[in-house]
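Q: Pasting a structure here, questions to come.
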Amino acid sequence: MIEIKNASFKYPNGFTALENINLTIKEGEKVAIVGQNGAGKTTCVKMMNGLNRPFEGDVIIDGINTKEVTVATVARIVGYVFQNPDEQIFNSTARKEIEFMPRYYKLSEKEVKERVDYAVEICDIAKYMDTNPYEIPYPIRKFVAIAAVIASRPKYIVLDEPTAGQDLHGTEVLGNMVDRLTKDGITVITITHDMEFAVRNFDRVIAMAHKNIICDGTAQDVFWNEKVVTDAKIKKPAIGELAKRLEMDGKILFCDELVKRL
Ligand SMILES: Nc1ncnc2c1ncn2[C@@H]1O[C@H](COP(=O)(O)OP(=O)(O)OP(=O)(O)O)[C@@H](O)[C@H]1O
Ligand SMILES: [Mg+2]
């Protein structure tokens, strides 16, 4: 379980980015975090793997307080995929990047291969394995960064805007990835500006604004709450907007529901 308790975060320049956050994520949940640029989403998820430590309050991962252990200890449990893959990738081929953590953990060749094959299949990047990551197109390079974290086999994986810049295929790969990882016992938390992706793939949606969480519930709870949509400056998914304009009740967000009602 990830527990954030009364946590506030201040950057070294004195700017307070989060004020008194409370959040619990249980194993097996699929959680999407939404909200306008600068809302504090990245700052918040970086607290989950110890990269950011709260200056007030606590972050507790499976009973371990992130203040009392190293980032490396927390990162074994919570894997964070950077918003910008270039802040993460440092090896000369995709293969080396993805093998890095399994080798660092001194796993056997068989285990390294199993983990790499698993990550590469999920991320659909087999044909790029011997390429320099910086020669791989940016949206696919993001999958190399994701695969590297999957291969480290964390219990929780945090994806920071994986949908940014992805085409339809990339978004589908991500949707399937969420289901597969969840099925295999890995809890998935994602930040996204793609509201359709959040609605389609996540059971729980958290909206952030004003340095805090302003709504935490189902996609219906978030996207059919006009105050939340306005305050978090998020876009209601097109199907929801259409249902609203047609004055339908029932908090519709899915195409099938809308077609049935029509
Ligand atoms: N290193 C830093 N030093 C000072 N302020 C920072 C730093 N990093 C982020 N901030 C500020 O903290 C606030 C929250 O930033 P954060 O990156 O968490 O937002 P976000 O919700 O992830 O936004 P985006 O959707 O653009 O990624 C913003 O006002 C940002 O300018
Ligand atoms: Mg961010």
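Ligands are numbered from 1 in the order shown, residues from 1 within each chain, and chains are lettered A, B, ... in the order they appear in the structure tokens.
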So that I can check the surroundings of Glu196 of chain A, please list as a PyMOL selection string every protein, DNA and RNA residue that reaches within 12 Å of it, counting only C-alpha atoms and ignoring chain neighbours fewer than 4 positions away.
A: chain A and resi 32+34+163+168+171-172+175+192+200-202+205+219+223+234-241+253-255
Q: Within 8 Å of ligand 2 (counting only C-alpha atoms and all ligand atoms), which residues show up? I'd like them as a list in words.
A: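 Checking only C-alpha atoms and all ligand atoms against ligand 2 at 8 Å gives Asn37, Gly38, Gly40, Lys41, Thr42, Thr43, Gln83, Asp160, Glu161 and Ile191 of chain A.
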Q: Closest to His193 of chain A among A:Ala151, A:Ile206, A:Ala164, A:Leu18, using only C-alpha atoms?
A: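 Of all the options, A:Ala164 lies closest to His193 of chain A.
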Q: Neighbouring residues of Ala119 of chain A were defined as those with any atom within 9 Å, considering only C-alpha atoms; residues of the same chain fewer than 6 positions away were excluded. Please report them as an MDAnalysis selection string.
A: chainID A and resid 98 125 146:151
Q: Which is closest to ligand 1 among A:Glu19, A:Glu29, A:Asp184, A:Glu257, if we use only C-alpha atoms and all ligand atoms?
A: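 Among the listed residues, A:Glu19 lies closest to ligand 1.
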Q: Please extract the residues of segment 15-259 of chain A with a backbone DSSP assignment of strand (DSSP E) and present them as a compact mmCIF listing (two decimals) with N, CA and C atoms, in the first residue's frame.
A:
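Done, and the output landed in out_15.txt:
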```txt
# COMPACT_ATOMS: atom_id res chain seq x y z
N THR A 16 6.32 26.18 -2.52
CA THR A 16 5.55 25.05 -2.01
C THR A 16 4.66 24.51 -3.13
N ALA A 17 4.92 23.28 -3.56
CA ALA A 17 4.18 22.72 -4.69
C ALA A 17 3.00 21.85 -4.23
N LEU A 18 3.07 21.33 -3.02
CA LEU A 18 1.97 20.49 -2.50
C LEU A 18 1.70 20.86 -1.05
N GLU A 19 0.41 20.93 -0.72
CA GLU A 19 0.05 21.31 0.65
C GLU A 19 -0.89 20.27 1.25
N ASN A 20 -0.41 19.57 2.24
CA ASN A 20 -1.23 18.67 3.02
C ASN A 20 -2.01 17.64 2.19
N ILE A 21 -1.26 16.84 1.46
CA ILE A 21 -1.86 15.80 0.61
C ILE A 21 -2.13 14.53 1.44
N ASN A 22 -3.28 13.94 1.19
CA ASN A 22 -3.60 12.64 1.79
C ASN A 22 -4.08 11.71 0.69
N LEU A 23 -3.45 10.54 0.60
CA LEU A 23 -3.78 9.63 -0.49
C LEU A 23 -3.35 8.22 -0.11
N THR A 24 -4.22 7.25 -0.33
CA THR A 24 -3.86 5.85 -0.12
C THR A 24 -4.15 5.08 -1.40
N ILE A 25 -3.16 4.33 -1.86
CA ILE A 25 -3.37 3.48 -3.04
C ILE A 25 -3.08 2.04 -2.64
N LYS A 30 -5.95 0.53 -10.24
CA LYS A 30 -5.47 1.20 -11.46
C LYS A 30 -5.85 2.66 -11.30
N VAL A 31 -4.85 3.52 -11.15
CA VAL A 31 -5.12 4.90 -10.76
C VAL A 31 -4.58 5.88 -11.80
N ALA A 32 -5.44 6.79 -12.26
CA ALA A 32 -5.00 7.86 -13.16
C ALA A 32 -5.05 9.19 -12.42
N ILE A 33 -4.01 9.99 -12.60
CA ILE A 33 -3.95 11.32 -11.98
C ILE A 33 -4.03 12.37 -13.10
N VAL A 34 -4.99 13.28 -12.98
CA VAL A 34 -5.19 14.30 -14.02
C VAL A 34 -5.14 15.70 -13.37
N GLU A 56 6.81 18.12 5.33
CA GLU A 56 5.87 17.88 6.45
C GLU A 56 5.09 16.64 6.09
N GLY A 57 4.71 15.85 7.08
CA GLY A 57 3.93 14.64 6.83
C GLY A 57 4.81 13.47 6.43
N ASP A 58 4.18 12.38 6.02
CA ASP A 58 4.92 11.15 5.73
C ASP A 58 4.42 10.47 4.46
N VAL A 59 5.35 9.75 3.83
CA VAL A 59 4.97 8.87 2.71
C VAL A 59 5.43 7.48 3.11
N ILE A 60 4.48 6.55 3.16
CA ILE A 60 4.80 5.21 3.65
C ILE A 60 4.47 4.19 2.56
N ILE A 61 5.50 3.43 2.18
CA ILE A 61 5.35 2.44 1.11
C ILE A 61 5.48 1.05 1.73
N ILE A 64 7.10 1.15 4.92
CA ILE A 64 8.42 1.79 5.03
C ILE A 64 8.26 3.30 4.84
N ASN A 65 8.75 4.08 5.79
CA ASN A 65 8.69 5.53 5.67
C ASN A 65 9.83 6.00 4.76
N VAL A 78 8.70 0.87 -5.77
CA VAL A 78 7.92 1.75 -6.65
C VAL A 78 8.81 2.21 -7.80
N GLY A 79 8.49 1.77 -9.00
CA GLY A 79 9.27 2.18 -10.18
C GLY A 79 8.64 3.41 -10.79
N TYR A 80 9.46 4.42 -11.06
CA TYR A 80 8.95 5.67 -11.64
C TYR A 80 9.51 5.84 -13.05
N VAL A 81 8.63 6.01 -14.03
CA VAL A 81 9.06 6.28 -15.40
C VAL A 81 8.95 7.79 -15.62
N TYR A 156 4.87 -1.56 -7.67
CA TYR A 156 4.03 -0.46 -8.16
C TYR A 156 4.80 0.22 -9.28
N ILE A 157 4.10 0.60 -10.35
CA ILE A 157 4.78 1.34 -11.41
C ILE A 157 4.04 2.65 -11.64
N VAL A 158 4.81 3.72 -11.69
CA VAL A 158 4.24 5.05 -11.89
C VAL A 158 4.68 5.56 -13.25
N LEU A 159 3.71 5.83 -14.12
CA LEU A 159 4.01 6.32 -15.46
C LEU A 159 3.64 7.80 -15.51
N ASP A 160 4.64 8.63 -15.85
CA ASP A 160 4.39 10.07 -15.86
C ASP A 160 4.15 10.52 -17.30
N THR A 187 0.78 -2.89 -9.54
CA THR A 187 -0.18 -1.80 -9.42
C THR A 187 0.26 -0.64 -10.31
N VAL A 188 -0.66 -0.13 -11.15
CA VAL A 188 -0.29 0.90 -12.12
C VAL A 188 -0.91 2.25 -11.74
N ILE A 189 -0.04 3.25 -11.68
CA ILE A 189 -0.47 4.62 -11.41
C ILE A 189 0.03 5.44 -12.58
N THR A 190 -0.84 6.23 -13.20
CA THR A 190 -0.38 7.03 -14.32
C THR A 190 -0.83 8.47 -14.19
N ILE A 191 0.00 9.37 -14.70
CA ILE A 191 -0.41 10.75 -14.89
C ILE A 191 -0.76 10.86 -16.37
N ARG A 204 -9.91 4.23 -11.04
CA ARG A 204 -9.91 5.35 -10.10
C ARG A 204 -9.21 6.55 -10.74
N VAL A 205 -9.84 7.69 -10.63
CA VAL A 205 -9.27 8.91 -11.22
C VAL A 205 -9.11 9.96 -10.11
N ILE A 206 -7.93 10.56 -10.07
CA ILE A 206 -7.64 11.59 -9.06
C ILE A 206 -7.39 12.89 -9.80
N ALA A 207 -8.14 13.93 -9.44
CA ALA A 207 -7.93 15.25 -10.06
C ALA A 207 -7.17 16.14 -9.09
N MET A 208 -6.12 16.80 -9.62
CA MET A 208 -5.33 17.70 -8.78
C MET A 208 -5.47 19.15 -9.23
N ALA A 209 -5.49 20.05 -8.26
CA ALA A 209 -5.49 21.51 -8.51
C ALA A 209 -5.17 22.18 -7.19
N ASN A 212 -3.21 20.44 -4.43
CA ASN A 212 -3.84 19.37 -3.67
C ASN A 212 -4.71 18.48 -4.55
N ILE A 213 -5.28 17.46 -3.91
CA ILE A 213 -6.22 16.59 -4.61
C ILE A 213 -7.61 17.19 -4.41
N ILE A 214 -8.33 17.44 -5.51
CA ILE A 214 -9.66 18.04 -5.33
C ILE A 214 -10.78 17.02 -5.58
N CYS A 215 -10.45 15.89 -6.18
CA CYS A 215 -11.48 14.86 -6.34
C CYS A 215 -10.78 13.51 -6.52
N ASP A 216 -11.32 12.48 -5.89
CA ASP A 216 -10.72 11.14 -5.92
C ASP A 216 -11.87 10.15 -5.96
N GLY A 217 -12.08 9.53 -7.11
CA GLY A 217 -13.22 8.61 -7.20
C GLY A 217 -13.23 7.91 -8.54
```
